[in-house]
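Engineer: Got data04.cif for you, mmCIF, C-alpha atoms:
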data_input
#
loop_
_atom_site.label_atom_id
_atom_site.label_comp_id
_atom_site.auth_asym_id
_atom_site.auth_seq_id
_atom_site.Cartn_x
_atom_site.Cartn_y
_atom_site.Cartn_z
CA MET A 1 81.47 116.59 -1.02
CA ALA A 2 79.00 119.31 -0.02
CA LYS A 3 75.32 119.25 0.80
CA VAL A 4 72.46 121.67 0.91
CA LYS A 5 69.03 120.98 2.29
CA ILE A 6 65.65 122.55 2.21
CA ASN A 7 63.22 122.59 5.09
CA LYS A 8 60.39 120.80 3.31
CA ARG A 9 58.15 120.90 6.34
CA LYS A 10 58.42 124.67 6.51
CA ILE A 11 57.80 124.98 2.77
CA ASP A 12 54.69 122.77 2.88
CA SER A 13 53.38 124.65 5.90
CA SER A 14 54.02 128.03 4.23
CA VAL A 15 52.30 126.92 1.02
CA GLN A 16 49.24 125.73 2.89
CA ARG A 17 49.07 128.90 4.99
CA ALA A 18 49.46 131.16 1.96
CA PHE A 19 46.81 129.19 0.06
CA THR A 20 44.31 129.44 2.93
CA ASP A 21 44.93 133.17 3.38
CA ALA A 22 44.61 133.81 -0.36
CA ALA A 23 41.35 131.84 -0.40
CA LEU A 24 40.05 134.07 2.39
CA ILE A 25 40.88 137.12 0.27
CA VAL A 26 38.78 135.59 -2.51
CA HIS A 27 35.95 134.99 -0.01
CA ARG A 28 36.01 138.64 1.06
CA ASN A 29 35.81 139.75 -2.58
CA ILE A 30 32.90 137.41 -3.20
CA VAL A 31 30.95 138.88 -0.25
CA MET A 32 31.77 142.40 -1.48
CA VAL A 33 30.32 141.62 -4.90
CA ILE A 34 27.02 140.57 -3.30
CA SER A 35 26.74 144.01 -1.69
CA GLU A 36 27.97 146.06 -4.65
CA PRO A 37 25.30 148.03 -6.55
CA GLY A 38 25.66 147.70 -10.31
CA ALA A 39 28.14 144.83 -10.15
CA PHE A 40 26.25 143.16 -12.99
CA ASP A 41 25.08 144.74 -16.25
CA GLY A 42 21.38 145.41 -16.24
CA PHE A 43 21.12 145.45 -12.44
CA GLU A 44 21.43 148.87 -10.87
CA GLY A 45 21.13 147.63 -7.33
CA ASP A 46 23.02 144.98 -5.44
CA ILE A 47 21.96 141.37 -4.87
CA VAL A 48 21.10 141.99 -1.22
CA ASP A 49 17.43 141.73 -0.38
CA THR A 50 16.97 140.20 3.06
CA GLY A 51 20.68 139.62 3.62
CA ASN A 52 20.09 135.87 3.55
CA LEU A 53 22.24 135.30 0.47
CA ARG A 54 25.17 137.20 1.96
CA ALA A 55 24.77 135.46 5.30
CA ASN A 56 24.85 132.05 3.59
CA GLN A 57 28.10 132.63 1.69
CA GLN A 58 30.27 129.98 3.31
CA LEU A 59 33.93 130.30 4.21
CA PRO A 60 36.06 128.41 1.67
CA GLU A 61 36.44 124.69 2.17
CA ILE A 62 40.08 123.75 1.61
CA ARG A 63 40.64 120.27 0.13
CA GLY A 64 44.30 119.75 -0.66
CA ASN A 65 45.16 122.22 -3.43
CA THR A 66 41.54 123.25 -4.06
CA ALA A 67 39.42 125.87 -2.32
CA ILE A 68 35.68 125.45 -2.78
CA PHE A 69 33.30 128.37 -2.40
CA ARG A 70 29.61 127.68 -1.76
CA ASN A 71 26.45 129.52 -0.93
CA THR A 72 23.86 127.50 0.96
CA ALA A 73 20.86 129.82 0.49
CA GLU A 74 17.97 127.80 -0.90
CA TYR A 75 17.53 130.03 -3.91
CA ALA A 76 21.25 130.74 -4.52
CA LEU A 77 21.33 128.61 -7.69
CA TYR A 78 18.54 130.63 -9.27
CA VAL A 79 20.12 134.00 -8.51
CA TYR A 80 23.52 132.72 -9.67
CA LEU A 81 22.50 131.12 -12.98
CA GLY A 82 19.31 132.98 -13.72
CA TYR A 83 15.89 131.51 -14.33
CA THR A 84 12.83 131.51 -16.56
CA LEU A 85 9.38 132.08 -15.11
CA ARG A 86 6.36 130.13 -16.29
CA ASN A 87 4.98 133.34 -17.78
CA GLY A 88 8.02 133.46 -20.08
CA LYS A 89 9.93 136.26 -18.41
CA THR A 90 13.62 135.60 -17.80
CA GLN A 91 16.02 136.80 -15.15
CA PRO A 92 19.71 136.71 -16.13
CA GLY A 93 22.15 135.12 -13.77
CA ARG A 94 24.44 137.06 -11.44
CA PRO A 95 27.45 134.80 -10.88
CA TRP A 96 28.83 136.68 -7.89
CA MET A 97 31.33 133.98 -6.89
CA LYS A 98 32.85 133.88 -10.39
CA LEU A 99 33.17 137.67 -10.39
CA GLY A 100 34.65 137.66 -6.91
CA VAL A 101 37.27 135.12 -7.95
CA GLU A 102 38.14 137.13 -11.08
CA ARG A 103 38.60 140.32 -9.09
CA SER A 104 40.70 138.75 -6.37
CA GLY A 105 43.98 138.43 -8.23
CA PHE A 106 44.39 135.09 -6.46
CA ASP A 107 47.66 134.15 -8.16
CA VAL A 108 49.35 137.41 -7.19
CA ALA A 109 47.99 137.31 -3.65
CA PHE A 110 49.11 133.71 -3.17
CA ALA A 111 52.62 134.45 -4.49
CA GLN A 112 53.01 137.46 -2.20
CA LEU A 113 51.74 135.59 0.84
CA LEU A 114 54.00 132.64 0.11
CA LYS A 115 57.03 134.88 -0.30
CA ALA A 116 56.26 136.55 3.03
CA GLY A 117 55.76 133.19 4.71
CA LEU A 118 59.08 131.79 3.48
CA SER A 119 61.18 134.78 4.37
CA MET B 1 32.75 129.90 -38.98
CA ALA B 2 29.79 127.73 -38.11
CA GLU B 3 26.42 128.69 -39.55
CA ALA B 4 23.49 128.96 -37.18
CA LEU B 5 21.07 127.13 -39.47
CA GLU B 6 23.48 124.24 -39.93
CA VAL B 7 24.00 123.88 -36.18
CA ARG B 8 20.26 124.17 -35.67
CA GLY B 9 19.74 121.29 -38.07
CA ARG B 10 22.21 119.10 -36.22
CA ILE B 11 20.49 119.83 -32.91
CA ALA B 12 17.10 119.05 -34.42
CA ALA B 13 18.39 115.69 -35.64
CA LEU B 14 20.00 114.82 -32.30
CA LEU B 15 16.93 115.74 -30.28
CA ALA B 16 14.34 114.19 -32.61
CA GLY B 17 11.30 113.20 -30.61
CA LEU B 18 12.28 115.26 -27.57
CA ILE B 19 11.70 118.82 -28.74
CA GLY B 20 8.34 120.41 -27.99
CA THR B 21 6.22 122.65 -30.14
CA TYR B 22 5.55 126.32 -30.75
CA THR B 23 1.88 127.02 -31.37
CA HIS B 24 1.42 130.26 -33.27
CA VAL B 25 -1.75 132.23 -32.69
CA ASN B 26 -3.12 135.29 -34.39
CA ASP B 27 -4.46 138.46 -32.75
CA TYR B 28 -7.80 136.77 -32.26
CA GLY B 29 -6.28 133.88 -30.37
CA GLN B 30 -6.83 131.42 -33.22
CA VAL B 31 -4.18 128.83 -33.89
CA VAL B 32 -2.54 129.47 -37.24
CA GLY B 33 0.18 126.85 -37.14
CA THR B 34 2.72 124.90 -35.14
CA SER B 35 6.47 124.49 -35.42
CA LEU B 36 9.36 122.81 -33.67
CA ALA B 37 10.30 124.58 -30.44
CA LEU B 38 13.86 125.15 -31.66
CA SER B 39 14.83 128.77 -32.27
CA ILE B 40 17.86 130.90 -32.96
CA GLU B 41 18.09 133.92 -30.70
CA GLU B 42 20.47 136.67 -31.72
CA ALA B 43 20.08 138.71 -28.55
CA SER B 44 18.81 137.85 -25.10
CA GLY B 45 15.31 138.86 -24.21
CA ASN B 46 12.09 137.68 -22.70
CA SER B 47 10.38 134.76 -24.38
CA PRO B 48 8.10 133.40 -25.62
CA ASP B 49 6.52 135.96 -27.92
CA SER B 50 2.93 136.65 -26.83
CA THR B 51 1.72 135.19 -30.13
CA VAL B 52 3.56 131.94 -29.53
CA ARG B 53 2.68 129.27 -27.01
CA VAL B 54 5.33 126.77 -26.00
CA ALA B 55 4.81 123.19 -24.88
CA GLY B 56 7.38 120.62 -23.86
CA LEU B 57 11.11 121.12 -24.31
CA GLU B 58 12.16 124.39 -25.93
CA VAL B 59 15.68 124.69 -27.32
CA VAL B 60 17.12 128.15 -27.90
CA LEU B 61 20.39 128.49 -29.81
CA ARG B 62 22.29 131.68 -29.05
CA PRO B 63 25.14 132.06 -31.53
CA ASN B 64 28.27 134.16 -31.05
CA LEU B 65 27.80 135.23 -27.46
CA SER B 66 31.49 136.04 -27.29
CA ALA B 67 34.68 135.45 -29.26
CA PRO B 68 37.81 135.72 -27.15
CA MET B 69 40.90 136.37 -29.23
CA THR B 70 44.28 134.76 -28.76
CA PRO B 71 47.25 136.13 -30.68
CA MET B 72 49.23 133.38 -32.41
CA LEU B 73 52.49 134.56 -33.95
CA GLY B 74 50.88 137.11 -36.25
CA SER B 75 47.63 135.24 -36.72
CA THR B 76 44.61 135.49 -34.44
CA LEU B 77 42.63 132.61 -32.98
CA LEU B 78 38.99 133.50 -32.38
CA THR B 79 37.05 131.11 -30.17
CA HIS B 80 33.40 131.69 -30.96
CA ARG B 81 31.23 130.72 -28.00
CA TRP B 82 27.62 129.77 -28.57
CA GLU B 83 25.03 128.75 -26.02
CA ILE B 84 22.25 126.18 -26.17
CA LEU B 85 19.57 126.96 -23.63
CA LEU B 86 17.22 124.10 -22.80
CA LYS B 87 13.88 125.14 -21.31
CA GLN B 88 11.51 122.43 -20.09
CA TRP B 89 7.97 123.82 -19.99
CA ASP B 90 6.50 120.42 -19.08
CA ALA B 91 6.40 120.24 -15.29
CA GLN B 92 6.51 116.42 -15.42
CA ALA B 93 9.65 116.22 -17.57
CA ASP B 94 13.26 117.40 -17.37
CA THR B 95 16.30 118.26 -19.51
CA ILE B 96 18.37 115.17 -18.76
CA ALA B 97 17.67 113.10 -21.88
CA ALA B 98 18.23 116.08 -24.17
CA THR B 99 21.50 116.91 -22.43
CA THR B 100 22.72 113.33 -22.80
CA ARG B 101 22.03 113.31 -26.54
CA LEU B 102 23.72 116.67 -27.09
CA VAL B 103 26.78 115.61 -25.12
CA GLY B 104 27.03 112.47 -27.22
CA GLY B 105 26.49 114.15 -30.56
CA LEU B 106 28.15 117.60 -30.51
CA PRO B 107 31.95 117.47 -30.39
CA GLU B 108 32.02 121.28 -30.08
CA LEU B 109 30.35 121.06 -26.66
CA VAL B 110 32.78 122.32 -24.01
CA GLU B 111 30.60 123.13 -21.02
CA VAL B 112 27.46 121.60 -19.56
CA GLY B 113 25.92 123.88 -16.97
CA PRO B 114 24.05 122.59 -13.93
CA ARG B 115 20.33 121.88 -14.11
CA VAL B 116 18.36 124.76 -12.69
CA PRO B 117 15.36 122.75 -11.49
CA ARG B 118 11.77 123.83 -11.58
CA SER B 119 10.72 125.79 -8.49
CA THR B 120 7.13 126.05 -7.38
CA ALA B 121 8.13 128.75 -4.86
CA LEU B 122 9.58 130.97 -7.59
CA ASP B 123 7.15 129.69 -10.29
CA THR B 124 10.04 128.84 -12.63
CA ILE B 125 10.64 126.13 -15.22
CA GLU B 126 13.67 123.85 -15.46
CA THR B 127 16.50 125.21 -17.59
CA ARG B 128 20.01 124.18 -18.51
CA ALA B 129 22.71 125.96 -20.50
CA LEU B 130 25.37 124.28 -22.61
CA VAL B 131 28.26 126.00 -24.34
CA LEU B 132 29.72 125.25 -27.77
CA GLU B 133 33.05 126.53 -29.05
CA PHE B 134 33.96 127.04 -32.70
CA PRO B 135 37.59 128.08 -33.30
CA GLU B 136 38.48 130.31 -36.23
CA ILE B 137 41.93 131.45 -37.31
CA GLN B 138 42.19 134.87 -38.90
CA ASN B 139 45.12 136.32 -40.83
CA LEU B 140 46.76 132.93 -41.02
CA ARG B 141 50.48 133.30 -41.58
CA VAL B 142 52.37 130.35 -43.04
#
As structure tokens, how would this structure be written, given the file I've shared?

Structural biologist:
Amino acid sequence: MAKVKINKRKIDSSVQRAFTDAALIVHRNIVMVISEPGAFDGFEGDIVDTGNLRANQQLPEIRGNTAIFRNTAEYALYVYLGYTLRNGKTQPGRPWMKLGVERSGFDVAFAQLLKAGLS
Amino acid sequence: MAEALEVRGRIAALLAGLIGTYTHVNDYGQVVGTSLALSIEEASGNSPDSTVRVAGLEVVLRPNLSAPMTPMLGSTLLTHRWEILLKQWDAQADTIAATTRLVGGLPELVEVGPRVPRSTALDTIETRALVLEFPEIQNLRV
């Protein structure tokens, strides 16, 4: 009879570390989008005005296998989804977190970090 | 592929009693008629038209915003995405009841966006976006 074993504790720890680090890469991309002029069609400038939106972009909250990204600026929802003024004019949304996630290549980053952590 | 007028009719039936009104005025500011505040918008833009006044809940149907394609063994699956934009011009009301009826009556509904509440600081009205999907297969190979 022969046996092989895996170090499950090391694997779990490596997965969690890689996931957290990959989520931080996503966070950095999200903050970069806020400061990027022309990131969204129809907007030549960036989203930064007073810097409050950028300052309120929270570090990711890790819950199990989910990373949650939030912005706590009071008006973040309106900038993100867009709004309609009472005079009828509309402002399209600028979903900076969605764009930041798309640009991050999270799956690739996570796989690379996990591979490095297990080796 | 779904037809905009047919979908509009279904929305009108589902939201009977909830939809507000368009009041149409001429160049002299005289009222020339009213209609249901349910419109089909082919391209985004500012609304309402200066000759139209809106009261209550306005529903804007935006057909064919995008149509991602998925190859399927020689055929192509197009997923037509439409948007329903609810705009509540009545400061004492909201979009909740309308959303509930649409969720219950439109099987093509795939996304319900968050309520963007009215803001006195920004002078905005409450809005909410919902997304419909209509699949279409092209070049079907059997």

Engineer: Which residues are close to Ile125 (chain B), i.e. within 7 Å by all atoms listed in the file, leaving aside same-chain residues fewer than 4 positions away? Reply as an NGL selection string.

Structural biologist: (:A and (84-86)) or (:B and (87-89 or 117-119))

Engineer: Considering all atoms listed in the file, can you say which of A:Arg17, A:Arg63, A:Lys89, A:Arg70 comes closest to chain B?

Structural biologist: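 Of A:Arg17, A:Arg63, A:Lys89, A:Arg70, the one nearest chain B, counting all atoms listed in the file, is A:Lys89.
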
Engineer: Taking into account all atoms listed in the file, which residue in the set B:Val103, B:Leu109, B:Ala97, B:Ala55 is nearest to chain A?

Structural biologist: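 Looking only at the distances to chain A, the closest residue turns out to be B:Ala55.
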
Engineer: Give me the chain A side of the contact with chain B, cut-off 10 Å, one line per residue showing its nearest atom pair and distance in Å at one decimal, counting only C-alpha atoms, sorted by chain and residue number, as a Markdown table.

Structural biologist:
| residue | atom | partner | partner_atom | distance |
| --- | --- | --- | --- | --- |
| A:Tyr75 | CA | B:Leu122 | CA | 8.8 |
| A:Leu77 | CA | B:Val116 | CA | 7.0 |
| A:Tyr78 | CA | B:Val116 | CA | 6.8 |
| A:Tyr80 | CA | B:Val116 | CA | 10.0 |
| A:Leu81 | CA | B:Val116 | CA | 7.6 |
| A:Gly82 | CA | B:Val116 | CA | 8.3 |
| A:Tyr83 | CA | B:Thr124 | CA | 6.7 |
| A:Thr84 | CA | B:Thr124 | CA | 5.5 |
| A:Leu85 | CA | B:Thr124 | CA | 4.1 |
| A:Arg86 | CA | B:Thr124 | CA | 5.3 |
| A:Asn87 | CA | B:Pro48 | CA | 8.4 |
| A:Gly88 | CA | B:Ser47 | CA | 5.1 |
| A:Lys89 | CA | B:Asn46 | CA | 5.0 |
| A:Thr90 | CA | B:Asn46 | CA | 5.5 |
| A:Gln91 | CA | B:Asn46 | CA | 8.6 |
| A:Pro92 | CA | B:Ser44 | CA | 9.1 |

Engineer: Just want the 10 Å neighbourhood of Ile68 (chain A), counted on all atoms listed in the file, with same-chain residues fewer than 4 positions away dropped. Output as a PDB file with C-alpha atoms, keeping the file's coordinate frame.

Structural biologist:
ATOM      1  CA  ALA A  23      41.350 131.840  -0.400  1.00  0.00           C
ATOM      2  CA  HIS A  27      35.950 134.990  -0.010  1.00  0.00           C
ATOM      3  CA  GLN A  58      30.270 129.980   3.310  1.00  0.00           C
ATOM      4  CA  LEU A  59      33.930 130.300   4.210  1.00  0.00           C
ATOM      5  CA  PRO A  60      36.060 128.410   1.670  1.00  0.00           C
ATOM      6  CA  GLU A  61      36.440 124.690   2.170  1.00  0.00           C
ATOM      7  CA  ILE A  62      40.080 123.750   1.610  1.00  0.00           C
ATOM      8  CA  ARG A  63      40.640 120.270   0.130  1.00  0.00           C
TER       9      ARG A  63
END

Engineer: May I ask for the distance between CA of Leu36 (chain B) and CA of Tyr22 (chain B), given in Å to one decimal place?

Structural biologist: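 So the two atoms, CA of Leu36 (chain B) and CA of Tyr22 (chain B), lie 5.9 Å apart.
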
Engineer: I'd like the contact shell of Phe40 (chain A) - 12 Å cut-off, all atoms listed in the file, skipping same-chain residues fewer than 4 positions apart - returned as an mmCIF file with C-alpha atoms, in the frame of the given file.

Structural biologist:
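Writing the result to result-v7.cif gives the following:
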data_model
loop_
_atom_site.group_PDB
_atom_site.id
_atom_site.type_symbol
_atom_site.label_atom_id
_atom_site.label_comp_id
_atom_site.auth_asym_id
_atom_site.auth_seq_id
_atom_site.Cartn_x
_atom_site.Cartn_y
_atom_site.Cartn_z
ATOM 1 C CA VAL A 33 30.320 141.620 -4.900
ATOM 2 C CA ILE A 34 27.020 140.570 -3.300
ATOM 3 C CA SER A 35 26.740 144.010 -1.690
ATOM 4 C CA GLU A 36 27.970 146.060 -4.650
ATOM 5 C CA GLU A 44 21.430 148.870 -10.870
ATOM 6 C CA GLY A 45 21.130 147.630 -7.330
ATOM 7 C CA ASP A 46 23.020 144.980 -5.440
ATOM 8 C CA ILE A 47 21.960 141.370 -4.870
ATOM 9 C CA VAL A 79 20.120 134.000 -8.510
ATOM 10 C CA TYR A 80 23.520 132.720 -9.670
ATOM 11 C CA PRO A 92 19.710 136.710 -16.130
ATOM 12 C CA GLY A 93 22.150 135.120 -13.770
ATOM 13 C CA ARG A 94 24.440 137.060 -11.440
ATOM 14 C CA PRO A 95 27.450 134.800 -10.880
ATOM 15 C CA TRP A 96 28.830 136.680 -7.890
ATOM 16 C CA LYS A 98 32.850 133.880 -10.390
ATOM 17 C CA LEU A 99 33.170 137.670 -10.390
ATOM 18 C CA GLY A 100 34.650 137.660 -6.910
#

Engineer: Output the residue selection produced by the PyMOL selection byres ((chain B and resi 23) around 8) on the file above, formatted as an MDAnalysis selection string.

Structural biologist: chainID B and resid 21:22 24:25 31:35 52:54

Engineer: Applying the PyMOL selection byres ((chain A and resi 104-108) around 7) to the file I just gave you, which residues come out? Please list them as a PyMOL selection string.

Structural biologist: chain A and resi 22+25-26+29+100-103+109-112

Engineer: Rounded to one decimal, what separation in Å do you get between CA of Asn26 (chain B) and CA of Ile40 (chain B)?

Structural biologist: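 Distance reported for this atom pair: 21.5 Å.
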
Engineer: Could you tell me how far CA of Glu83 (chain B) lies from CA of Val110 (chain B), in Å and to one decimal?

Structural biologist: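 According to the coordinates, CA of Glu83 (chain B) and CA of Val110 (chain B) are separated by 10.3 Å.
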
Engineer: Have a look at B:Ala98, B:Gly17, B:Asn139, B:Ala4 and name the one nearest to Met72 (chain B); count only C-alpha atoms.

Structural biologist: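 Result for the nearest residue to Met72 (chain B): B:Asn139.
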
Engineer: Where atoms are absent from region 56-87 of chain B, fill them in so it carries N, CA and C atoms, then output it as a PDB file, in the coordinates of the input.

Structural biologist:
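Result file result-v6.pdb:
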ATOM      1  N   GLY B  56       6.300 121.604 -23.859  1.00  0.00           N
ATOM      2  CA  GLY B  56       7.380 120.620 -23.860  1.00  0.00           C
ATOM      3  C   GLY B  56       8.744 121.280 -23.767  1.00  0.00           C
ATOM      4  N   LEU B  57       9.740 120.624 -24.368  1.00  0.00           N
ATOM      5  CA  LEU B  57      11.110 121.120 -24.310  1.00  0.00           C
ATOM      6  C   LEU B  57      11.354 122.157 -25.395  1.00  0.00           C
ATOM      7  N   GLU B  58      11.788 123.339 -24.979  1.00  0.00           N
ATOM      8  CA  GLU B  58      12.160 124.390 -25.930  1.00  0.00           C
ATOM      9  C   GLU B  58      13.675 124.470 -25.971  1.00  0.00           C
ATOM     10  N   VAL B  59      14.226 124.596 -27.168  1.00  0.00           N
ATOM     11  CA  VAL B  59      15.680 124.690 -27.320  1.00  0.00           C
ATOM     12  C   VAL B  59      15.976 126.027 -28.001  1.00  0.00           C
ATOM     13  N   VAL B  60      16.768 126.852 -27.350  1.00  0.00           N
ATOM     14  CA  VAL B  60      17.120 128.150 -27.900  1.00  0.00           C
ATOM     15  C   VAL B  60      18.623 128.171 -28.168  1.00  0.00           C
ATOM     16  N   LEU B  61      18.976 128.411 -29.418  1.00  0.00           N
ATOM     17  CA  LEU B  61      20.390 128.490 -29.810  1.00  0.00           C
ATOM     18  C   LEU B  61      20.799 129.955 -29.849  1.00  0.00           C
ATOM     19  N   ARG B  62      21.832 130.295 -29.115  1.00  0.00           N
ATOM     20  CA  ARG B  62      22.290 131.680 -29.050  1.00  0.00           C
ATOM     21  C   ARG B  62      23.710 131.742 -29.620  1.00  0.00           C
ATOM     22  N   PRO B  63      23.818 132.082 -30.902  1.00  0.00           N
ATOM     23  CA  PRO B  63      25.140 132.060 -31.530  1.00  0.00           C
ATOM     24  C   PRO B  63      25.995 133.269 -31.141  1.00  0.00           C
ATOM     25  N   ASN B  64      27.298 133.061 -31.175  1.00  0.00           N
ATOM     26  CA  ASN B  64      28.270 134.160 -31.050  1.00  0.00           C
ATOM     27  C   ASN B  64      28.045 135.042 -29.834  1.00  0.00           C
ATOM     28  N   LEU B  65      27.930 134.438 -28.678  1.00  0.00           N
ATOM     29  CA  LEU B  65      27.800 135.230 -27.460  1.00  0.00           C
ATOM     30  C   LEU B  65      29.086 136.005 -27.183  1.00  0.00           C
ATOM     31  N   SER B  66      30.207 135.361 -27.465  1.00  0.00           N
ATOM     32  CA  SER B  66      31.490 136.040 -27.290  1.00  0.00           C
ATOM     33  C   SER B  66      32.508 135.363 -28.183  1.00  0.00           C
ATOM     34  N   ALA B  67      33.621 136.025 -28.405  1.00  0.00           N
ATOM     35  CA  ALA B  67      34.680 135.450 -29.260  1.00  0.00           C
ATOM     36  C   ALA B  67      36.035 135.919 -28.745  1.00  0.00           C
ATOM     37  N   PRO B  68      36.498 135.327 -27.651  1.00  0.00           N
ATOM     38  CA  PRO B  68      37.810 135.720 -27.150  1.00  0.00           C
ATOM     39  C   PRO B  68      38.891 135.499 -28.197  1.00  0.00           C
ATOM     40  N   MET B  69      39.831 136.444 -28.224  1.00  0.00           N
ATOM     41  CA  MET B  69      40.900 136.370 -29.230  1.00  0.00           C
ATOM     42  C   MET B  69      42.208 135.992 -28.562  1.00  0.00           C
ATOM     43  N   THR B  70      42.954 135.153 -29.239  1.00  0.00           N
ATOM     44  CA  THR B  70      44.280 134.760 -28.760  1.00  0.00           C
ATOM     45  C   THR B  70      45.275 135.031 -29.870  1.00  0.00           C
ATOM     46  N   PRO B  71      46.245 135.904 -29.631  1.00  0.00           N
ATOM     47  CA  PRO B  71      47.250 136.130 -30.680  1.00  0.00           C
ATOM     48  C   PRO B  71      48.120 134.892 -30.863  1.00  0.00           C
ATOM     49  N   MET B  72      48.434 134.582 -32.124  1.00  0.00           N
ATOM     50  CA  MET B  72      49.230 133.380 -32.410  1.00  0.00           C
ATOM     51  C   MET B  72      50.249 133.726 -33.468  1.00  0.00           C
ATOM     52  N   LEU B  73      51.360 134.313 -33.059  1.00  0.00           N
ATOM     53  CA  LEU B  73      52.490 134.560 -33.950  1.00  0.00           C
ATOM     54  C   LEU B  73      52.055 135.268 -35.241  1.00  0.00           C
ATOM     55  N   GLY B  74      51.312 136.342 -35.095  1.00  0.00           N
ATOM     56  CA  GLY B  74      50.880 137.110 -36.250  1.00  0.00           C
ATOM     57  C   GLY B  74      49.481 136.774 -36.708  1.00  0.00           C
ATOM     58  N   SER B  75      49.008 135.592 -36.424  1.00  0.00           N
ATOM     59  CA  SER B  75      47.630 135.240 -36.720  1.00  0.00           C
ATOM     60  C   SER B  75      46.799 135.451 -35.454  1.00  0.00           C
ATOM     61  N   THR B  76      45.505 135.320 -35.590  1.00  0.00           N
ATOM     62  CA  THR B  76      44.610 135.490 -34.440  1.00  0.00           C
ATOM     63  C   THR B  76      43.671 134.300 -34.353  1.00  0.00           C
ATOM     64  N   LEU B  77      43.588 133.698 -33.192  1.00  0.00           N
ATOM     65  CA  LEU B  77      42.630 132.610 -32.980  1.00  0.00           C
ATOM     66  C   LEU B  77      41.395 133.205 -32.298  1.00  0.00           C
ATOM     67  N   LEU B  78      40.261 133.094 -32.984  1.00  0.00           N
ATOM     68  CA  LEU B  78      38.990 133.500 -32.380  1.00  0.00           C
ATOM     69  C   LEU B  78      38.271 132.247 -31.910  1.00  0.00           C
ATOM     70  N   THR B  79      37.800 132.272 -30.681  1.00  0.00           N
ATOM     71  CA  THR B  79      37.050 131.110 -30.170  1.00  0.00           C
ATOM     72  C   THR B  79      35.601 131.563 -29.998  1.00  0.00           C
ATOM     73  N   HIS B  80      34.798 131.266 -31.006  1.00  0.00           N
ATOM     74  CA  HIS B  80      33.400 131.690 -30.960  1.00  0.00           C
ATOM     75  C   HIS B  80      32.637 130.818 -29.963  1.00  0.00           C
ATOM     76  N   ARG B  81      32.008 131.470 -29.008  1.00  0.00           N
ATOM     77  CA  ARG B  81      31.230 130.720 -28.000  1.00  0.00           C
ATOM     78  C   ARG B  81      29.750 130.905 -28.259  1.00  0.00           C
ATOM     79  N   TRP B  82      29.072 129.777 -28.394  1.00  0.00           N
ATOM     80  CA  TRP B  82      27.620 129.770 -28.570  1.00  0.00           C
ATOM     81  C   TRP B  82      26.999 129.110 -27.344  1.00  0.00           C
ATOM     82  N   GLU B  83      25.731 129.387 -27.142  1.00  0.00           N
ATOM     83  CA  GLU B  83      25.030 128.750 -26.020  1.00  0.00           C
ATOM     84  C   GLU B  83      23.770 128.049 -26.514  1.00  0.00           C
ATOM     85  N   ILE B  84      23.527 126.876 -25.970  1.00  0.00           N
ATOM     86  CA  ILE B  84      22.250 126.180 -26.170  1.00  0.00           C
ATOM     87  C   ILE B  84      21.520 126.259 -24.846  1.00  0.00           C
ATOM     88  N   LEU B  85      20.349 126.852 -24.860  1.00  0.00           N
ATOM     89  CA  LEU B  85      19.570 126.960 -23.630  1.00  0.00           C
ATOM     90  C   LEU B  85      18.371 126.014 -23.737  1.00  0.00           C
ATOM     91  N   LEU B  86      18.340 125.049 -22.845  1.00  0.00           N
ATOM     92  CA  LEU B  86      17.220 124.100 -22.800  1.00  0.00           C
ATOM     93  C   LEU B  86      16.202 124.616 -21.783  1.00  0.00           C
ATOM     94  N   LYS B  87      14.940 124.674 -22.213  1.00  0.00           N
ATOM     95  CA  LYS B  87      13.880 125.140 -21.310  1.00  0.00           C
ATOM     96  C   LYS B  87      12.781 124.086 -21.316  1.00  0.00           C
TER      97      LYS B  87
END
